[in-house]
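**Student:** I am sharing coords_23.cif, which consists of mmCIF, C-alpha atoms and all ligand atoms:
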```cif
data_data
#
loop_
_atom_site.group_PDB
_atom_site.id
_atom_site.type_symbol
_atom_site.label_atom_id
_atom_site.label_comp_id
_atom_site.auth_asym_id
_atom_site.auth_seq_id
_atom_site.Cartn_x
_atom_site.Cartn_y
_atom_site.Cartn_z
ATOM 1 C CA MET A 33 19.748 13.423 -22.220
ATOM 2 C CA THR A 34 17.829 16.448 -20.983
ATOM 3 C CA GLU A 35 17.484 17.544 -17.347
ATOM 4 C CA ARG A 36 13.754 16.616 -17.554
ATOM 5 C CA THR A 37 14.672 13.018 -18.534
ATOM 6 C CA LEU A 38 17.297 12.656 -15.817
ATOM 7 C CA ARG A 39 15.366 14.453 -13.062
ATOM 8 C CA PRO A 40 11.687 14.175 -14.112
ATOM 9 C CA LEU A 41 10.424 15.481 -10.762
ATOM 10 C CA ALA A 42 12.633 18.613 -10.673
ATOM 11 C CA GLY A 43 10.632 21.556 -9.300
ATOM 12 C CA ARG A 44 8.106 19.294 -7.539
ATOM 13 C CA THR A 45 7.719 19.211 -3.754
ATOM 14 C CA ALA A 46 7.199 15.851 -2.056
ATOM 15 C CA LEU A 47 6.155 15.269 1.538
ATOM 16 C CA VAL A 48 6.837 11.782 2.896
ATOM 17 C CA THR A 49 5.450 11.054 6.362
ATOM 18 C CA GLY A 50 7.551 8.773 8.574
ATOM 19 C CA SER A 51 10.642 9.253 6.428
ATOM 20 C CA THR A 52 13.410 9.245 9.042
ATOM 21 C CA SER A 53 13.951 5.503 8.520
ATOM 22 C CA GLY A 54 12.951 2.395 6.594
ATOM 23 C CA ILE A 55 10.582 2.539 3.639
ATOM 24 C CA GLY A 56 9.847 6.269 4.029
ATOM 25 C CA LEU A 57 13.526 7.151 3.750
ATOM 26 C CA GLY A 58 13.820 4.820 0.735
ATOM 27 C CA ILE A 59 10.931 6.632 -0.962
ATOM 28 C CA ALA A 60 12.252 10.107 -0.073
ATOM 29 C CA THR A 61 15.657 9.123 -1.500
ATOM 30 C CA ALA A 62 14.166 7.824 -4.773
ATOM 31 C CA LEU A 63 11.984 10.947 -5.198
ATOM 32 C CA ALA A 64 15.018 13.174 -4.500
ATOM 33 C CA GLN A 65 17.101 11.208 -7.036
ATOM 34 C CA ALA A 66 14.321 12.027 -9.518
ATOM 35 C CA GLY A 67 14.755 15.718 -8.617
ATOM 36 C CA ALA A 68 11.922 16.439 -6.141
ATOM 37 C CA ASN A 69 12.453 18.707 -3.154
ATOM 38 C CA ILE A 70 11.680 16.773 0.012
ATOM 39 C CA VAL A 71 9.823 17.349 3.282
ATOM 40 C CA LEU A 72 10.969 14.732 5.795
ATOM 41 C CA ASN A 73 8.886 13.780 8.825
ATOM 42 C CA GLY A 74 9.193 11.218 11.608
ATOM 43 C CA PHE A 75 10.906 10.619 14.921
ATOM 44 C CA GLY A 76 14.426 9.766 16.066
ATOM 45 C CA ASP A 77 17.774 11.130 14.921
ATOM 46 C CA VAL A 78 16.969 13.028 11.726
ATOM 47 C CA SER A 79 20.437 14.355 10.889
ATOM 48 C CA GLU A 80 21.476 11.295 8.846
ATOM 49 C CA ALA A 81 18.242 11.310 6.822
ATOM 50 C CA VAL A 82 18.526 15.065 6.118
ATOM 51 C CA ALA A 83 22.183 14.684 5.052
ATOM 52 C CA ALA A 84 21.343 11.701 2.796
ATOM 53 C CA ILE A 85 18.750 13.753 0.904
ATOM 54 C CA GLU A 86 20.765 16.992 0.870
ATOM 55 C CA CYS A 87 23.667 15.346 -0.932
ATOM 56 C CA LEU A 88 21.327 14.519 -3.833
ATOM 57 C CA GLY A 89 21.267 18.227 -4.705
ATOM 58 C CA VAL A 90 17.642 19.016 -3.865
ATOM 59 C CA GLU A 91 16.073 21.199 -1.192
ATOM 60 C CA VAL A 92 15.106 19.419 2.005
ATOM 61 C CA MET A 93 13.342 20.365 5.218
ATOM 62 C CA TYR A 94 12.384 18.351 8.277
ATOM 63 C CA GLN A 95 9.097 18.784 10.134
ATOM 64 C CA GLY A 96 8.546 16.565 13.165
ATOM 65 C CA ALA A 97 4.721 16.547 13.404
ATOM 66 C CA ASP A 98 3.271 13.669 15.417
ATOM 67 C CA MET A 99 0.916 11.778 13.071
ATOM 68 C CA THR A 100 -1.492 11.044 15.937
ATOM 69 C CA ARG A 101 -2.219 14.807 16.162
ATOM 70 C CA PRO A 102 -4.476 16.475 13.532
ATOM 71 C CA ASP A 103 -3.363 19.950 14.700
ATOM 72 C CA GLU A 104 0.325 19.092 14.224
ATOM 73 C CA ILE A 105 -0.432 17.552 10.815
ATOM 74 C CA ALA A 106 -2.145 20.797 9.732
ATOM 75 C CA ASN A 107 0.865 22.830 10.924
ATOM 76 C CA MET A 108 3.220 20.550 9.005
ATOM 77 C CA MET A 109 1.242 20.939 5.776
ATOM 78 C CA GLY A 110 1.282 24.737 6.157
ATOM 79 C CA GLU A 111 4.979 24.983 7.049
ATOM 80 C CA ALA A 112 5.985 22.642 4.232
ATOM 81 C CA ALA A 113 4.085 24.708 1.651
ATOM 82 C CA SER A 114 5.452 28.035 2.877
ATOM 83 C CA THR A 115 9.057 26.742 2.940
ATOM 84 C CA LEU A 116 9.317 24.555 -0.190
ATOM 85 C CA GLY A 117 6.140 25.489 -2.114
ATOM 86 C CA PRO A 118 2.805 23.681 -2.506
ATOM 87 C CA ILE A 119 2.946 19.919 -1.998
ATOM 88 C CA ASP A 120 2.730 18.121 -5.363
ATOM 89 C CA ILE A 121 3.486 14.606 -4.121
ATOM 90 C CA LEU A 122 2.111 13.313 -0.835
ATOM 91 C CA VAL A 123 3.332 9.955 0.445
ATOM 92 C CA ASN A 124 1.434 8.663 3.461
ATOM 93 C CA ASN A 125 3.931 6.233 4.913
ATOM 94 C CA ALA A 126 4.181 6.703 8.709
ATOM 95 C CA GLY A 127 3.159 3.530 10.472
ATOM 96 C CA ILE A 128 3.682 1.423 13.551
ATOM 97 C CA GLN A 129 3.001 -2.187 14.489
ATOM 98 C CA PHE A 130 1.950 -3.973 17.686
ATOM 99 C CA VAL A 131 1.342 -7.703 17.969
ATOM 100 C CA ALA A 132 -1.182 -9.251 20.405
ATOM 101 C CA ASN A 133 -4.419 -11.186 20.066
ATOM 102 C CA VAL A 134 -7.642 -9.148 20.025
ATOM 103 C CA ASP A 135 -8.628 -10.110 23.571
ATOM 104 C CA GLU A 136 -5.246 -8.942 24.880
ATOM 105 C CA PHE A 137 -4.753 -5.922 22.614
ATOM 106 C CA PRO A 138 -4.125 -2.743 24.666
ATOM 107 C CA VAL A 139 -6.858 -0.178 23.919
ATOM 108 C CA GLU A 140 -4.365 2.698 23.705
ATOM 109 C CA LYS A 141 -2.258 0.745 21.147
ATOM 110 C CA TRP A 142 -5.370 0.147 19.021
ATOM 111 C CA ASP A 143 -6.128 3.895 19.037
ATOM 112 C CA GLU A 144 -2.509 4.824 18.264
ATOM 113 C CA ILE A 145 -2.252 2.430 15.303
ATOM 114 C CA ILE A 146 -5.551 3.593 13.804
ATOM 115 C CA ALA A 147 -4.474 7.238 14.266
ATOM 116 C CA ILE A 148 -1.027 6.858 12.661
ATOM 117 C CA ASN A 149 -1.636 4.114 10.070
ATOM 118 C CA LEU A 150 -5.057 5.324 8.876
ATOM 119 C CA SER A 151 -6.445 8.639 10.178
ATOM 120 C CA SER A 152 -3.245 10.647 9.558
ATOM 121 C CA SER A 153 -3.650 9.923 5.823
ATOM 122 C CA PHE A 154 -7.191 11.302 5.907
ATOM 123 C CA HIS A 155 -5.850 14.512 7.473
ATOM 124 C CA THR A 156 -2.965 14.997 5.019
ATOM 125 C CA MET A 157 -5.251 14.198 2.073
ATOM 126 C CA ARG A 158 -8.126 16.450 3.132
ATOM 127 C CA LEU A 159 -5.656 19.350 3.358
ATOM 128 C CA GLY A 160 -3.353 18.440 0.465
ATOM 129 C CA ILE A 161 -5.685 17.310 -2.330
ATOM 130 C CA PRO A 162 -7.595 20.618 -2.835
ATOM 131 C CA VAL A 163 -4.287 22.441 -3.450
ATOM 132 C CA MET A 164 -3.173 19.785 -5.955
ATOM 133 C CA ARG A 165 -6.559 19.981 -7.728
ATOM 134 C CA GLU A 166 -6.325 23.756 -8.002
ATOM 135 C CA ARG A 167 -2.845 23.461 -9.515
ATOM 136 C CA GLY A 168 -3.987 20.725 -11.915
ATOM 137 C CA TRP A 169 -1.455 18.062 -10.892
ATOM 138 C CA GLY A 170 -0.864 15.916 -7.847
ATOM 139 C CA ARG A 171 0.130 12.453 -6.729
ATOM 140 C CA VAL A 172 -0.997 10.780 -3.502
ATOM 141 C CA ILE A 173 0.735 7.496 -2.698
ATOM 142 C CA ASN A 174 -0.493 5.575 0.319
ATOM 143 C CA ILE A 175 1.792 2.922 1.749
ATOM 144 C CA ALA A 176 -0.615 0.139 2.629
ATOM 145 C CA SER A 177 0.565 -3.477 2.965
ATOM 146 C CA VAL A 178 -0.245 -7.060 2.067
ATOM 147 C CA HIS A 179 -2.234 -6.679 5.268
ATOM 148 C CA GLY A 180 -4.620 -4.497 3.275
ATOM 149 C CA PHE A 181 -5.739 -7.759 1.615
ATOM 150 C CA VAL A 182 -5.106 -10.555 4.092
ATOM 151 C CA GLY A 183 -4.915 -10.992 7.851
ATOM 152 C CA SER A 184 -2.203 -12.333 10.170
ATOM 153 C CA VAL A 185 -2.667 -13.524 13.730
ATOM 154 C CA GLY A 186 -1.987 -10.828 16.354
ATOM 155 C CA LYS A 187 -2.128 -7.861 13.951
ATOM 156 C CA SER A 188 -5.780 -6.782 14.282
ATOM 157 C CA ALA A 189 -5.268 -3.006 14.486
ATOM 158 C CA TYR A 190 -2.635 -2.997 11.742
ATOM 159 C CA VAL A 191 -4.743 -5.168 9.426
ATOM 160 C CA ALA A 192 -7.862 -3.062 10.092
ATOM 161 C CA ALA A 193 -5.929 0.153 9.366
ATOM 162 C CA LYS A 194 -4.359 -1.250 6.183
ATOM 163 C CA HIS A 195 -7.705 -2.535 4.851
ATOM 164 C CA GLY A 196 -9.035 0.950 5.677
ATOM 165 C CA ILE A 197 -6.316 2.818 3.809
ATOM 166 C CA ILE A 198 -7.056 0.804 0.661
ATOM 167 C CA GLY A 199 -10.714 1.848 0.910
ATOM 168 C CA LEU A 200 -9.722 5.477 1.492
ATOM 169 C CA THR A 201 -7.386 5.302 -1.528
ATOM 170 C CA LYS A 202 -10.194 4.094 -3.810
ATOM 171 C CA VAL A 203 -12.689 6.737 -2.654
ATOM 172 C CA ALA A 204 -10.233 9.641 -2.968
ATOM 173 C CA ALA A 205 -9.153 8.366 -6.404
ATOM 174 C CA LEU A 206 -12.781 8.291 -7.593
ATOM 175 C CA GLU A 207 -13.518 11.736 -6.162
ATOM 176 C CA ASN A 208 -10.613 13.106 -8.225
ATOM 177 C CA ALA A 209 -11.042 10.944 -11.319
ATOM 178 C CA HIS A 210 -11.576 14.021 -13.552
ATOM 179 C CA ALA A 211 -8.707 15.957 -11.994
ATOM 180 C CA GLY A 212 -4.959 15.767 -12.519
ATOM 181 C CA VAL A 213 -4.661 14.189 -9.098
ATOM 182 C CA THR A 214 -4.141 10.434 -8.765
ATOM 183 C CA VAL A 215 -4.387 8.432 -5.561
ATOM 184 C CA ASN A 216 -2.877 4.941 -5.403
ATOM 185 C CA ALA A 217 -1.530 2.486 -2.861
ATOM 186 C CA ILE A 218 1.651 0.425 -2.702
ATOM 187 C CA CYS A 219 1.289 -2.813 -0.752
ATOM 188 C CA PRO A 220 4.600 -4.272 0.396
ATOM 189 C CA GLY A 221 5.253 -7.672 1.905
ATOM 190 C CA PHE A 222 8.032 -8.008 4.497
ATOM 191 C CA VAL A 223 10.745 -5.332 4.216
ATOM 192 C CA LEU A 224 13.621 -5.564 6.701
ATOM 193 C CA THR A 225 13.158 -2.160 8.382
ATOM 194 C CA PRO A 226 13.231 -1.314 12.118
ATOM 195 C CA LEU A 227 9.476 -2.148 12.230
ATOM 196 C CA VAL A 228 10.129 -5.735 11.071
ATOM 197 C CA GLN A 229 13.486 -6.050 12.871
ATOM 198 C CA ARG A 230 11.558 -5.812 16.156
ATOM 199 C CA GLN A 231 9.446 -8.815 15.062
ATOM 200 C CA VAL A 232 12.617 -10.734 14.081
ATOM 201 C CA ASP A 233 14.175 -9.948 17.488
ATOM 202 C CA ALA A 234 11.036 -11.065 19.363
ATOM 203 C CA LEU A 235 10.922 -14.344 17.399
ATOM 204 C CA ALA A 236 14.669 -14.961 17.890
ATOM 205 C CA GLN A 237 14.312 -14.468 21.622
ATOM 206 C CA ARG A 238 11.079 -16.466 21.989
ATOM 207 C CA GLU A 239 12.377 -19.498 20.068
ATOM 208 C CA ALA A 240 16.143 -19.206 20.754
ATOM 209 C CA LEU A 241 16.971 -18.645 17.060
ATOM 210 C CA THR A 242 19.848 -16.819 15.373
ATOM 211 C CA GLN A 243 18.992 -13.634 13.454
ATOM 212 C CA SER A 244 19.111 -15.402 10.085
ATOM 213 C CA GLU A 245 17.029 -18.331 11.355
ATOM 214 C CA ALA A 246 14.439 -15.890 12.734
ATOM 215 C CA GLN A 247 14.372 -13.951 9.449
ATOM 216 C CA ALA A 248 13.820 -17.152 7.472
ATOM 217 C CA ARG A 249 11.108 -18.304 9.916
ATOM 218 C CA LEU A 250 9.273 -14.982 9.531
ATOM 219 C CA LEU A 251 9.287 -15.250 5.735
ATOM 220 C CA VAL A 252 8.410 -18.931 5.406
ATOM 221 C CA GLY A 253 4.805 -19.609 4.402
ATOM 222 C CA LYS A 254 4.231 -15.863 3.863
ATOM 223 C CA GLN A 255 6.689 -14.598 1.265
ATOM 224 C CA PRO A 256 7.330 -17.378 -1.302
ATOM 225 C CA SER A 257 10.456 -15.684 -2.733
ATOM 226 C CA GLY A 258 12.135 -16.129 0.658
ATOM 227 C CA GLN A 259 13.616 -12.624 0.184
ATOM 228 C CA PHE A 260 12.813 -9.353 1.899
ATOM 229 C CA VAL A 261 11.585 -6.506 -0.323
ATOM 230 C CA ARG A 262 14.067 -3.597 -0.345
ATOM 231 C CA PRO A 263 13.054 0.025 0.454
ATOM 232 C CA GLU A 264 14.604 1.309 -2.783
ATOM 233 C CA GLN A 265 12.328 -1.026 -4.789
ATOM 234 C CA ILE A 266 9.333 0.652 -3.178
ATOM 235 C CA GLY A 267 10.925 4.068 -3.774
ATOM 236 C CA ARG A 268 11.288 3.412 -7.490
ATOM 237 C CA THR A 269 7.667 2.294 -7.694
ATOM 238 C CA ALA A 270 6.674 5.604 -6.084
ATOM 239 C CA VAL A 271 8.676 7.467 -8.755
ATOM 240 C CA PHE A 272 6.842 5.435 -11.423
ATOM 241 C CA LEU A 273 3.475 6.457 -9.916
ATOM 242 C CA CYS A 274 4.567 10.089 -10.367
ATOM 243 C CA SER A 275 5.371 9.558 -14.050
ATOM 244 C CA ASP A 276 3.208 10.271 -17.058
ATOM 245 C CA ALA A 277 2.871 6.517 -17.666
ATOM 246 C CA ALA A 278 0.872 6.245 -14.432
ATOM 247 C CA THR A 279 -1.567 9.094 -15.125
ATOM 248 C CA GLU A 280 -4.502 6.712 -15.575
ATOM 249 C CA MET A 281 -3.677 4.599 -12.549
ATOM 250 C CA ARG A 282 -6.432 5.703 -10.191
ATOM 251 C CA GLY A 283 -7.268 3.824 -7.015
ATOM 252 C CA SER A 284 -4.826 1.053 -7.897
ATOM 253 C CA THR A 285 -3.092 -1.202 -5.422
ATOM 254 C CA ILE A 286 0.404 -2.396 -6.343
ATOM 255 C CA GLN A 287 1.634 -5.449 -4.469
ATOM 256 C CA ILE A 288 5.420 -5.797 -4.038
ATOM 257 C CA ASP A 289 5.414 -8.846 -1.828
ATOM 258 C CA GLY A 290 7.548 -11.709 -3.165
ATOM 259 C CA GLY A 291 4.331 -13.537 -4.078
ATOM 260 C CA TRP A 292 2.618 -13.303 -0.661
ATOM 261 C CA THR A 293 -0.840 -12.379 -1.979
ATOM 262 C CA ALA A 294 -0.581 -14.568 -5.077
ATOM 263 C CA GLN A 295 -1.057 -17.642 -2.887
HETATM 264 P P1 LIG A 301 9.933 2.125 10.349
HETATM 265 O O1 LIG A 301 9.666 1.827 11.783
HETATM 266 O O2 LIG A 301 11.286 1.908 9.779
HETATM 267 O O3 LIG A 301 9.519 3.622 9.986
HETATM 268 C C1 LIG A 301 8.358 4.208 10.460
HETATM 269 C C2 LIG A 301 8.481 5.703 10.328
HETATM 270 O O4 LIG A 301 7.293 6.295 10.880
HETATM 271 C C3 LIG A 301 9.663 6.284 11.117
HETATM 272 O O5 LIG A 301 10.205 7.369 10.406
HETATM 273 C C4 LIG A 301 9.004 6.760 12.396
HETATM 274 O O6 LIG A 301 9.726 7.778 13.060
HETATM 275 C C5 LIG A 301 7.674 7.259 11.843
HETATM 276 N N1 LIG A 301 6.642 7.395 12.857
HETATM 277 C C6 LIG A 301 6.227 6.493 13.778
HETATM 278 N N2 LIG A 301 5.275 7.034 14.560
HETATM 279 C C7 LIG A 301 5.083 8.305 14.122
HETATM 280 C C8 LIG A 301 4.233 9.370 14.510
HETATM 281 N N3 LIG A 301 3.378 9.267 15.532
HETATM 282 N N4 LIG A 301 4.324 10.536 13.842
HETATM 283 C C9 LIG A 301 5.210 10.684 12.811
HETATM 284 N N5 LIG A 301 6.028 9.710 12.396
HETATM 285 C C10 LIG A 301 5.957 8.535 13.043
HETATM 286 O O7 LIG A 301 8.823 1.272 9.556
HETATM 287 P P2 LIG A 301 8.692 0.839 8.019
HETATM 288 O O8 LIG A 301 8.747 -0.635 7.994
HETATM 289 O O9 LIG A 301 9.591 1.631 7.144
HETATM 290 O O10 LIG A 301 7.173 1.222 7.759
HETATM 291 C C11 LIG A 301 6.777 2.309 6.932
HETATM 292 C C12 LIG A 301 5.394 2.022 6.377
HETATM 293 O O11 LIG A 301 5.439 0.858 5.557
HETATM 294 C C13 LIG A 301 4.331 1.753 7.451
HETATM 295 O O12 LIG A 301 3.116 2.342 7.084
HETATM 296 C C14 LIG A 301 4.226 0.245 7.427
HETATM 297 O O13 LIG A 301 2.965 -0.196 7.865
HETATM 298 C C15 LIG A 301 4.417 -0.025 5.955
HETATM 299 N N6 LIG A 301 4.805 -1.402 5.662
HETATM 300 C C16 LIG A 301 5.951 -1.926 6.166
HETATM 301 C C17 LIG A 301 6.280 -3.235 5.869
HETATM 302 C C18 LIG A 301 7.530 -3.875 6.359
HETATM 303 O O14 LIG A 301 7.680 -5.103 6.194
HETATM 304 N N7 LIG A 301 8.478 -3.147 6.942
HETATM 305 C C19 LIG A 301 5.423 -4.001 5.056
HETATM 306 C C20 LIG A 301 4.257 -3.418 4.572
HETATM 307 C C21 LIG A 301 3.955 -2.119 4.882
#
```
Show this structure as structure tokens.
Ligand code: NAD
**Tutor:**
Amino acid sequence: MTERTLRPLAGRTALVTGSTSGIGLGIATALAQAGANIVLNGFGDVSEAVAAIECLGVEVMYQGADMTRPDEIANMMGEAASTLGPIDILVNNAGIQFVANVDEFPVEKWDEIIAINLSSSFHTMRLGIPVMRERGWGRVINIASVHGFVGSVGKSAYVAAKHGIIGLTKVAALENAHAGVTVNAICPGFVLTPLVQRQVDALAQREALTQSEAQARLLVGKQPSGQFVRPEQIGRTAVFLCSDAATEMRGSTIQIDGGWTAQ
């Protein structure tokens, strides 16, 4: 087998926002396994994430831009390109959650969720896509959610942002339909990351449940498989979207949700 078969993304640079944990780290790992150099971003202790990517034999850098800040996003895009080369693969993954009914939803939380889960992708795309177009190849992968298609009680800002990112994905895909740049969205159901663990903990506390009872309660009625999706499954789908087989996938939405949206 040739190097190109084993590491099809060798020589490419991938930026994954919010990649210090959860799904973002799963995607960064899968892209690195396929040979891409990686720009990590996100908060918290980054040393473990950097080490996990480094040991896959690719180049890695960390840039801690806050996705609520357009100026910091612009700096990140510039620094990433000057350190690892132009960004070929952009994964808009950073996201947060907050649960409260509309009439009790804190205004600042609404603004923060829209900024991170939706507007940050506009900023990375408006800066990243022209460079990809000039170079004749690029992949934008937006991590949306089942909540890009359906609602859930208490998740107004999240659901609004995720419906928005699917619209943004379609428009950017159409605007680049004649270019070598594709823009698609992956729409996961429940994945047991820190974002969902907080919802499990809240449910366990509220209803005096064990962890496994709370996990099962969260999934029931939503995710027919009764299983959480795993970050590496989303990572491998991202690698597929970067392959030649996916060249004519433009503005697509791929649900990986244990059957949630099939109901
Ligand atoms: P997570 O909490 O494990 O990871 C979120 C990442 O975003 C972290 O690296 C965090 O540091 C980063 N982040 C948060 N605020 C940031 C900011 N202001 N600037 C930069 N980085 C910031 O969550 P996750 O579950 O892995 O979620 C990742 C994405 O997947 C989100 O967009 C989320 O909406 C989406 N998603 C998650 C699930 C799920 O069940 N976990 C389902 C569907 C979609």
**Student:** Taking (0.7, -10.1, 24.6) in the file's coordinates as the center, which residues reach within 12 Å of it, counting all atoms listed in the file, put as a list of chain:residue names?
**Tutor:** A:Phe130, A:Val131, A:Ala132, A:Asn133, A:Val134, A:Asp135, A:Glu136, A:Phe137, A:Pro138, A:Lys141, A:Val185, A:Gly186, A:Lys187, A:Ala234
**Student:** Report the closest atom pair, with its distance in Å rounded to one decimal, for each residue of chain A that has an atom no farther than 7 Å from ligand LIG 301 (chain A); count only C-alpha atoms and all ligand atoms, sort by chain and then rising residue number, and write it as CSV.
**Tutor:**
```
residue,atom,partner,partner_atom,distance
A:Thr49,CA,A:LIG301,N5,6.2
A:Gly50,CA,A:LIG301,O4,3.4
A:Ser51,CA,A:LIG301,O5,4.4
A:Thr52,CA,A:LIG301,O5,4.0
A:Ser53,CA,A:LIG301,O5,4.6
A:Gly54,CA,A:LIG301,O9,3.5
A:Ile55,CA,A:LIG301,O9,3.8
A:Gly56,CA,A:LIG301,O9,5.6
A:Asn73,CA,A:LIG301,N5,6.1
A:Gly74,CA,A:LIG301,N5,3.6
A:Phe75,CA,A:LIG301,O6,3.6
A:Gly76,CA,A:LIG301,O6,5.9
A:Gly96,CA,A:LIG301,C9,6.8
A:Ala97,CA,A:LIG301,C9,5.9
A:Asp98,CA,A:LIG301,N4,3.7
A:Met99,CA,A:LIG301,N4,3.7
A:Thr100,CA,A:LIG301,N3,5.2
A:Asn125,CA,A:LIG301,O12,4.5
A:Ala126,CA,A:LIG301,O4,3.8
A:Gly127,CA,A:LIG301,O12,3.6
A:Ile128,CA,A:LIG301,C6,5.7
A:Gln129,CA,A:LIG301,O13,6.9
A:Ile148,CA,A:LIG301,N3,5.8
A:Asn149,CA,A:LIG301,O12,5.9
A:Ile175,CA,A:LIG301,O12,5.5
A:Ala176,CA,A:LIG301,C21,5.6
A:Ser177,CA,A:LIG301,C20,4.0
A:Val178,CA,A:LIG301,C20,6.3
A:Cys219,CA,A:LIG301,C20,6.1
A:Pro220,CA,A:LIG301,C20,4.3
A:Gly221,CA,A:LIG301,C19,4.8
A:Phe222,CA,A:LIG301,O14,3.4
A:Val223,CA,A:LIG301,O14,3.7
A:Leu224,CA,A:LIG301,N7,5.7
A:Thr225,CA,A:LIG301,O8,4.7
A:Pro226,CA,A:LIG301,O2,4.4
A:Leu227,CA,A:LIG301,O1,4.0
A:Val228,CA,A:LIG301,N7,5.1
```
**Student:** Take CA of Ala209 in chain A and CA of Gly283 in chain A and report the distance between them in Å, one decimal.
**Tutor:**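 For CA of Ala209 in chain A relative to CA of Gly283 in chain A, the distance reads 9.1 Å.
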**Student:** Written as a VMD selection string, what is the full residue list that the PyMOL selection byres (((chain A and resi 120-122) around 7) and not hetatm) yields on the file shown?
**Tutor:** chain A and resid 44 to 48 118 to 119 123 to 124 164 169 to 173
**Student:** Near Val90 in chain A, within 12 Å and counting all atoms listed in the file, which residues show up once chain neighbours fewer than 3 positions away are dropped, as a PDB file with C-alpha atoms, in the coordinates of the input?
**Tutor:**
```pdb
ATOM      1  CA  ARG A  39      15.366  14.453 -13.062  1.00  0.00           C
ATOM      2  CA  LEU A  41      10.424  15.481 -10.762  1.00  0.00           C
ATOM      3  CA  ALA A  42      12.633  18.613 -10.673  1.00  0.00           C
ATOM      4  CA  GLY A  43      10.632  21.556  -9.300  1.00  0.00           C
ATOM      5  CA  ARG A  44       8.106  19.294  -7.539  1.00  0.00           C
ATOM      6  CA  THR A  45       7.719  19.211  -3.754  1.00  0.00           C
ATOM      7  CA  ALA A  46       7.199  15.851  -2.056  1.00  0.00           C
ATOM      8  CA  ALA A  60      12.252  10.107  -0.073  1.00  0.00           C
ATOM      9  CA  THR A  61      15.657   9.123  -1.500  1.00  0.00           C
ATOM     10  CA  ALA A  62      14.166   7.824  -4.773  1.00  0.00           C
ATOM     11  CA  LEU A  63      11.984  10.947  -5.198  1.00  0.00           C
ATOM     12  CA  ALA A  64      15.018  13.174  -4.500  1.00  0.00           C
ATOM     13  CA  GLN A  65      17.101  11.208  -7.036  1.00  0.00           C
ATOM     14  CA  ALA A  66      14.321  12.027  -9.518  1.00  0.00           C
ATOM     15  CA  GLY A  67      14.755  15.718  -8.617  1.00  0.00           C
ATOM     16  CA  ALA A  68      11.922  16.439  -6.141  1.00  0.00           C
ATOM     17  CA  ASN A  69      12.453  18.707  -3.154  1.00  0.00           C
ATOM     18  CA  ILE A  70      11.680  16.773   0.012  1.00  0.00           C
ATOM     19  CA  VAL A  71       9.823  17.349   3.282  1.00  0.00           C
ATOM     20  CA  VAL A  82      18.526  15.065   6.118  1.00  0.00           C
ATOM     21  CA  ALA A  83      22.183  14.684   5.052  1.00  0.00           C
ATOM     22  CA  ALA A  84      21.343  11.701   2.796  1.00  0.00           C
ATOM     23  CA  ILE A  85      18.750  13.753   0.904  1.00  0.00           C
ATOM     24  CA  GLU A  86      20.765  16.992   0.870  1.00  0.00           C
ATOM     25  CA  CYS A  87      23.667  15.346  -0.932  1.00  0.00           C
ATOM     26  CA  MET A  93      13.342  20.365   5.218  1.00  0.00           C
ATOM     27  CA  LEU A 116       9.317  24.555  -0.190  1.00  0.00           C
TER      28      LEU A 116
END
```
**Student:** Could I see range 99-106 of chain A restored to N, CA, C and O atoms, set down as a PDB file, in the frame of the given file?
**Tutor:**
```
ATOM      1  N   MET A  99       2.044  12.178  13.944  1.00  0.00           N
ATOM      2  CA  MET A  99       0.916  11.778  13.071  1.00  0.00           C
ATOM      3  C   MET A  99      -0.326  11.330  13.845  1.00  0.00           C
ATOM      4  O   MET A  99      -1.343  11.020  13.235  1.00  0.00           O
ATOM      5  N   THR A 100      -0.257  11.303  15.170  1.00  0.00           N
ATOM      6  CA  THR A 100      -1.492  11.044  15.937  1.00  0.00           C
ATOM      7  C   THR A 100      -2.260  12.339  16.167  1.00  0.00           C
ATOM      8  O   THR A 100      -3.359  12.307  16.710  1.00  0.00           O
ATOM      9  N   ARG A 101      -1.659  13.501  15.775  1.00  0.00           N
ATOM     10  CA  ARG A 101      -2.219  14.807  16.162  1.00  0.00           C
ATOM     11  C   ARG A 101      -2.665  15.608  14.934  1.00  0.00           C
ATOM     12  O   ARG A 101      -1.839  16.195  14.230  1.00  0.00           O
ATOM     13  N   PRO A 102      -3.989  15.710  14.691  1.00  0.00           N
ATOM     14  CA  PRO A 102      -4.476  16.475  13.532  1.00  0.00           C
ATOM     15  C   PRO A 102      -3.970  17.922  13.513  1.00  0.00           C
ATOM     16  O   PRO A 102      -3.672  18.449  12.430  1.00  0.00           O
ATOM     17  N   ASP A 103      -3.837  18.557  14.679  1.00  0.00           N
ATOM     18  CA  ASP A 103      -3.363  19.950  14.700  1.00  0.00           C
ATOM     19  C   ASP A 103      -1.912  20.035  14.224  1.00  0.00           C
ATOM     20  O   ASP A 103      -1.537  20.923  13.448  1.00  0.00           O
ATOM     21  N   GLU A 104      -1.086  19.081  14.649  1.00  0.00           N
ATOM     22  CA  GLU A 104       0.325  19.092  14.224  1.00  0.00           C
ATOM     23  C   GLU A 104       0.441  18.754  12.722  1.00  0.00           C
ATOM     24  O   GLU A 104       1.312  19.274  12.030  1.00  0.00           O
ATOM     25  N   ILE A 105      -0.441  17.887  12.257  1.00  0.00           N
ATOM     26  CA  ILE A 105      -0.432  17.552  10.815  1.00  0.00           C
ATOM     27  C   ILE A 105      -0.763  18.807   9.996  1.00  0.00           C
ATOM     28  O   ILE A 105      -0.102  19.114   9.001  1.00  0.00           O
ATOM     29  N   ALA A 106      -1.760  19.565  10.445  1.00  0.00           N
ATOM     30  CA  ALA A 106      -2.145  20.797   9.732  1.00  0.00           C
ATOM     31  C   ALA A 106      -0.986  21.792   9.731  1.00  0.00           C
ATOM     32  O   ALA A 106      -0.695  22.422   8.698  1.00  0.00           O
TER      33      ALA A 106
END
```
